[in-house]
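Participant: The structure follows.
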Amino acid sequence: MSRAYFHHLFGDAARSLQEQAGSRASYARREAAPGDGPDLLTERELAFLAARDSIYLASVTADGWPYMQHRGGPPGFLRSLGDNRLAFADYPGNRQYISLGNVIARSRVALFAMDYPARRRLKLIGHARVAGAADEPDLVARASHPDAPPAEAALVVEVVGYDWNCPQFIEPRFTRAEIETGLQPLLAENARLRAELARLSPVPA
């Protein structure tokens, strides 16, 4: 249920545009669904996020500028800590620390997770904080993928709301591993046919 997501993100201008487009009544019912707390993550959302090898992280600067950054790792790098909390290890890149600085200044973030082959996407909003390895080593360890190197810090996100999007305009894209997996039956068949051809047409001595 996306009640909290809609409640926090629908402003007066968005609601007015929904009225003009004829979609307001449907969204109003969903926005007014019972419950005062966050949209609770279910097994569906957690399984989807656990399968991702990348996400997009949006934060806001102290001056109000939006900032988007990519985060990636082995599938499962985005970890569930329970109680609607997600976390992932933070590794130094160019050491600009824009996202971490934004989170320290104001905690609000958005996560955008894509499944390009299946044309699915999940959007989440929440409050994030930075956990340092020196102060919270156990938490940073829990936020780290077992196949990844030790991290200096982790970003912990308390999810407030989420929403699933329709597949419209999502062009399927595939990773190298997904392509290789999909090609395995064809490669095996090709090898079998080559062996059969060699058996039927032996090279003259």
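Identifiers for the structure tokens are assigned positionally: chains receive A, B, ... in sequence, residues are indexed from 1 per chain, and ligands are indexed from 1 in the order shown.
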Would you kindly return, as a PDB file with N, CA and C atoms, in the first residue's frame, each protein, DNA or RNA residue with an atom no farther than 12 Å from any atom of Ser54 of chain A, considering only C-alpha atoms and excluding same-chain residues fewer than 6 positions away?
Facilitator:
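What landed in result09.pdb:
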```
ATOM      1  N   PHE A  48      12.314  -8.134  -4.307  1.00  0.00           N
ATOM      2  CA  PHE A  48      12.684  -7.327  -5.473  1.00  0.00           C
ATOM      3  C   PHE A  48      13.986  -6.579  -5.219  1.00  0.00           C
ATOM      4  N   GLN A  69      22.562   9.952  -7.504  1.00  0.00           N
ATOM      5  CA  GLN A  69      23.791   9.184  -7.623  1.00  0.00           C
ATOM      6  C   GLN A  69      23.464   7.705  -7.758  1.00  0.00           C
ATOM      7  N   HIS A  70      24.305   7.012  -8.514  1.00  0.00           N
ATOM      8  CA  HIS A  70      24.144   5.564  -8.685  1.00  0.00           C
ATOM      9  C   HIS A  70      24.899   4.829  -7.596  1.00  0.00           C
ATOM     10  N   ARG A  71      24.300   3.750  -7.109  1.00  0.00           N
ATOM     11  CA  ARG A  71      24.962   2.851  -6.179  1.00  0.00           C
ATOM     12  C   ARG A  71      24.781   1.424  -6.690  1.00  0.00           C
ATOM     13  N   GLY A  72      25.844   0.627  -6.630  1.00  0.00           N
ATOM     14  CA  GLY A  72      25.747  -0.732  -7.146  1.00  0.00           C
ATOM     15  C   GLY A  72      26.640  -1.693  -6.402  1.00  0.00           C
ATOM     16  N   GLY A  73      26.482  -2.968  -6.723  1.00  0.00           N
ATOM     17  CA  GLY A  73      27.262  -4.027  -6.093  1.00  0.00           C
ATOM     18  C   GLY A  73      26.700  -5.372  -6.502  1.00  0.00           C
ATOM     19  N   PRO A  74      27.138  -6.445  -5.866  1.00  0.00           N
ATOM     20  CA  PRO A  74      26.576  -7.762  -6.176  1.00  0.00           C
ATOM     21  C   PRO A  74      25.082  -7.776  -5.858  1.00  0.00           C
ATOM     22  N   PRO A  75      24.303  -8.590  -6.582  1.00  0.00           N
ATOM     23  CA  PRO A  75      22.886  -8.699  -6.212  1.00  0.00           C
ATOM     24  C   PRO A  75      22.750  -8.980  -4.719  1.00  0.00           C
ATOM     25  N   GLY A  76      21.912  -8.207  -4.060  1.00  0.00           N
ATOM     26  CA  GLY A  76      21.778  -8.331  -2.623  1.00  0.00           C
ATOM     27  C   GLY A  76      22.595  -7.322  -1.847  1.00  0.00           C
ATOM     28  N   PHE A  77      23.287  -6.405  -2.550  1.00  0.00           N
ATOM     29  CA  PHE A  77      24.097  -5.407  -1.833  1.00  0.00           C
ATOM     30  C   PHE A  77      23.208  -4.481  -1.009  1.00  0.00           C
ATOM     31  N   LEU A  78      21.945  -4.323  -1.418  1.00  0.00           N
ATOM     32  CA  LEU A  78      20.990  -3.547  -0.634  1.00  0.00           C
ATOM     33  C   LEU A  78      20.360  -4.497   0.376  1.00  0.00           C
ATOM     34  N   PHE A  88      23.001  -0.118   2.878  1.00  0.00           N
ATOM     35  CA  PHE A  88      24.037  -0.601   1.964  1.00  0.00           C
ATOM     36  C   PHE A  88      25.365   0.026   2.352  1.00  0.00           C
ATOM     37  N   LEU A 111      14.919   6.381  -3.189  1.00  0.00           N
ATOM     38  CA  LEU A 111      15.606   5.292  -3.868  1.00  0.00           C
ATOM     39  C   LEU A 111      14.776   4.875  -5.072  1.00  0.00           C
ATOM     40  N   PHE A 112      15.470   4.605  -6.171  1.00  0.00           N
ATOM     41  CA  PHE A 112      14.813   4.203  -7.410  1.00  0.00           C
ATOM     42  C   PHE A 112      15.459   2.894  -7.847  1.00  0.00           C
ATOM     43  N   ALA A 113      14.695   1.812  -7.804  1.00  0.00           N
ATOM     44  CA  ALA A 113      15.227   0.484  -8.137  1.00  0.00           C
ATOM     45  C   ALA A 113      14.575  -0.019  -9.413  1.00  0.00           C
ATOM     46  N   MET A 114      15.416  -0.464 -10.368  1.00  0.00           N
ATOM     47  CA  MET A 114      14.936  -0.889 -11.684  1.00  0.00           C
ATOM     48  C   MET A 114      15.221  -2.360 -11.945  1.00  0.00           C
ATOM     49  N   ASP A 115      14.242  -3.032 -12.519  1.00  0.00           N
ATOM     50  CA  ASP A 115      14.433  -4.364 -13.086  1.00  0.00           C
ATOM     51  C   ASP A 115      14.162  -4.216 -14.575  1.00  0.00           C
ATOM     52  N   TYR A 116      15.214  -3.943 -15.343  1.00  0.00           N
ATOM     53  CA  TYR A 116      15.038  -3.649 -16.760  1.00  0.00           C
ATOM     54  C   TYR A 116      14.530  -4.843 -17.558  1.00  0.00           C
ATOM     55  N   ARG A 121       9.735  -1.317 -11.772  1.00  0.00           N
ATOM     56  CA  ARG A 121      10.481  -0.316 -11.013  1.00  0.00           C
ATOM     57  C   ARG A 121       9.767  -0.039  -9.696  1.00  0.00           C
ATOM     58  N   THR A 175      22.146  -7.407 -18.313  1.00  0.00           N
ATOM     59  CA  THR A 175      23.545  -7.431 -17.918  1.00  0.00           C
ATOM     60  C   THR A 175      24.268  -8.537 -18.678  1.00  0.00           C
TER      61      THR A 175
END
```
Participant: Can you list, as a ChimeraX atom specification, all residues belonging to segment 37-194 of chain A that DSSP tags as helix (DSSP H, G or I)?
Facilitator: /A:43-50,98-105,137-143,176-194
Participant: So that I have them on file, write out the residues from the current selection with C-alpha atoms, as a PDB file, in the first residue's frame.
Facilitator:
```pdb
ATOM      1  CA  GLU A  43       8.145  -9.883   1.070  1.00  0.00           C
ATOM      2  CA  ARG A  44       7.400  -8.695  -2.466  1.00  0.00           C
ATOM      3  CA  GLU A  45       9.361  -5.462  -2.072  1.00  0.00           C
ATOM      4  CA  LEU A  46      12.170  -7.070  -0.069  1.00  0.00           C
ATOM      5  CA  ALA A  47      12.629  -9.857  -2.642  1.00  0.00           C
ATOM      6  CA  PHE A  48      12.684  -7.327  -5.473  1.00  0.00           C
ATOM      7  CA  LEU A  49      15.285  -5.169  -3.745  1.00  0.00           C
ATOM      8  CA  ALA A  50      17.415  -8.163  -2.764  1.00  0.00           C
ATOM      9  CA  ILE A  98      27.965  14.879  -1.811  1.00  0.00           C
ATOM     10  CA  SER A  99      25.313  12.270  -0.972  1.00  0.00           C
ATOM     11  CA  LEU A 100      26.695  11.661   2.510  1.00  0.00           C
ATOM     12  CA  GLY A 101      26.914  15.384   3.153  1.00  0.00           C
ATOM     13  CA  ASN A 102      23.330  15.849   1.975  1.00  0.00           C
ATOM     14  CA  VAL A 103      22.123  13.077   4.293  1.00  0.00           C
ATOM     15  CA  ILE A 104      23.913  14.653   7.245  1.00  0.00           C
ATOM     16  CA  ALA A 105      22.371  18.056   6.452  1.00  0.00           C
ATOM     17  CA  PRO A 137      31.059  -1.731  13.230  1.00  0.00           C
ATOM     18  CA  ASP A 138      28.348  -4.350  13.730  1.00  0.00           C
ATOM     19  CA  LEU A 139      25.766  -2.329  11.811  1.00  0.00           C
ATOM     20  CA  VAL A 140      28.178  -1.600   8.964  1.00  0.00           C
ATOM     21  CA  ALA A 141      28.998  -5.325   8.820  1.00  0.00           C
ATOM     22  CA  ARG A 142      25.281  -6.167   8.559  1.00  0.00           C
ATOM     23  CA  ALA A 143      24.908  -3.592   5.789  1.00  0.00           C
ATOM     24  CA  ARG A 176      26.380  -9.548 -19.281  1.00  0.00           C
ATOM     25  CA  ALA A 177      25.546 -12.275 -16.755  1.00  0.00           C
ATOM     26  CA  GLU A 178      21.884 -12.293 -17.814  1.00  0.00           C
ATOM     27  CA  ILE A 179      22.860 -12.524 -21.494  1.00  0.00           C
ATOM     28  CA  GLU A 180      25.317 -15.329 -20.820  1.00  0.00           C
ATOM     29  CA  THR A 181      22.702 -17.245 -18.841  1.00  0.00           C
ATOM     30  CA  GLY A 182      20.157 -16.808 -21.620  1.00  0.00           C
ATOM     31  CA  LEU A 183      22.643 -17.995 -24.239  1.00  0.00           C
ATOM     32  CA  GLN A 184      23.624 -21.175 -22.392  1.00  0.00           C
ATOM     33  CA  PRO A 185      20.945 -23.393 -24.021  1.00  0.00           C
ATOM     34  CA  LEU A 186      21.907 -22.117 -27.480  1.00  0.00           C
ATOM     35  CA  LEU A 187      25.630 -22.606 -26.836  1.00  0.00           C
ATOM     36  CA  ALA A 188      25.017 -26.124 -25.550  1.00  0.00           C
ATOM     37  CA  GLU A 189      22.902 -26.950 -28.599  1.00  0.00           C
ATOM     38  CA  ASN A 190      25.563 -25.481 -30.886  1.00  0.00           C
ATOM     39  CA  ALA A 191      28.245 -27.634 -29.254  1.00  0.00           C
ATOM     40  CA  ARG A 192      26.069 -30.749 -29.608  1.00  0.00           C
ATOM     41  CA  LEU A 193      25.404 -30.075 -33.292  1.00  0.00           C
ATOM     42  CA  ARG A 194      29.094 -29.434 -33.972  1.00  0.00           C
TER      43      ARG A 194
END
```
Participant: Just the residues within 8 Å of Tyr67 of chain A, please, counting only C-alpha atoms, with nothing from its chain fewer than 6 positions along; format it as a PyMOL selection string.
Facilitator: chain A and resi 58-61+99
Participant: Between atom CA of Pro92 of chain A and atom CA of Ala128 of chain A, what is the spacing in Å?
Facilitator: 17.9 Å
Participant: Go ahead and compute the interatomic distance for atom CA of Asn94 of chain A and atom CA of Asp135 of chain A, in Å to one decimal.
Facilitator: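 Calculated distance between atom CA of Asn94 of chain A and atom CA of Asp135 of chain A is 23.2 Å.
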Participant: Applying 6 Å and only C-alpha atoms, which residues near segment 5-10 of chain A remain after dropping the ones on its own chain fewer than 3 positions away? List them as a list in words.
Facilitator: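 My list of contacting residues is Ser2, Ala14, Glu31, Gly161 and Tyr162 of chain A.
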Participant: Could you name the residues that touch Ala28 of chain A at 10 Å or less, counting only C-alpha atoms, but leaving out those on the same chain fewer than 2 positions away, as a list in words?
Facilitator: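 Those residues are Arg3, Phe6, His7, Phe10, Arg15, Gln18, Ser23, Arg24, Ala25, Ser26, Arg30, Glu31, Ala32 and Ala33 of chain A.
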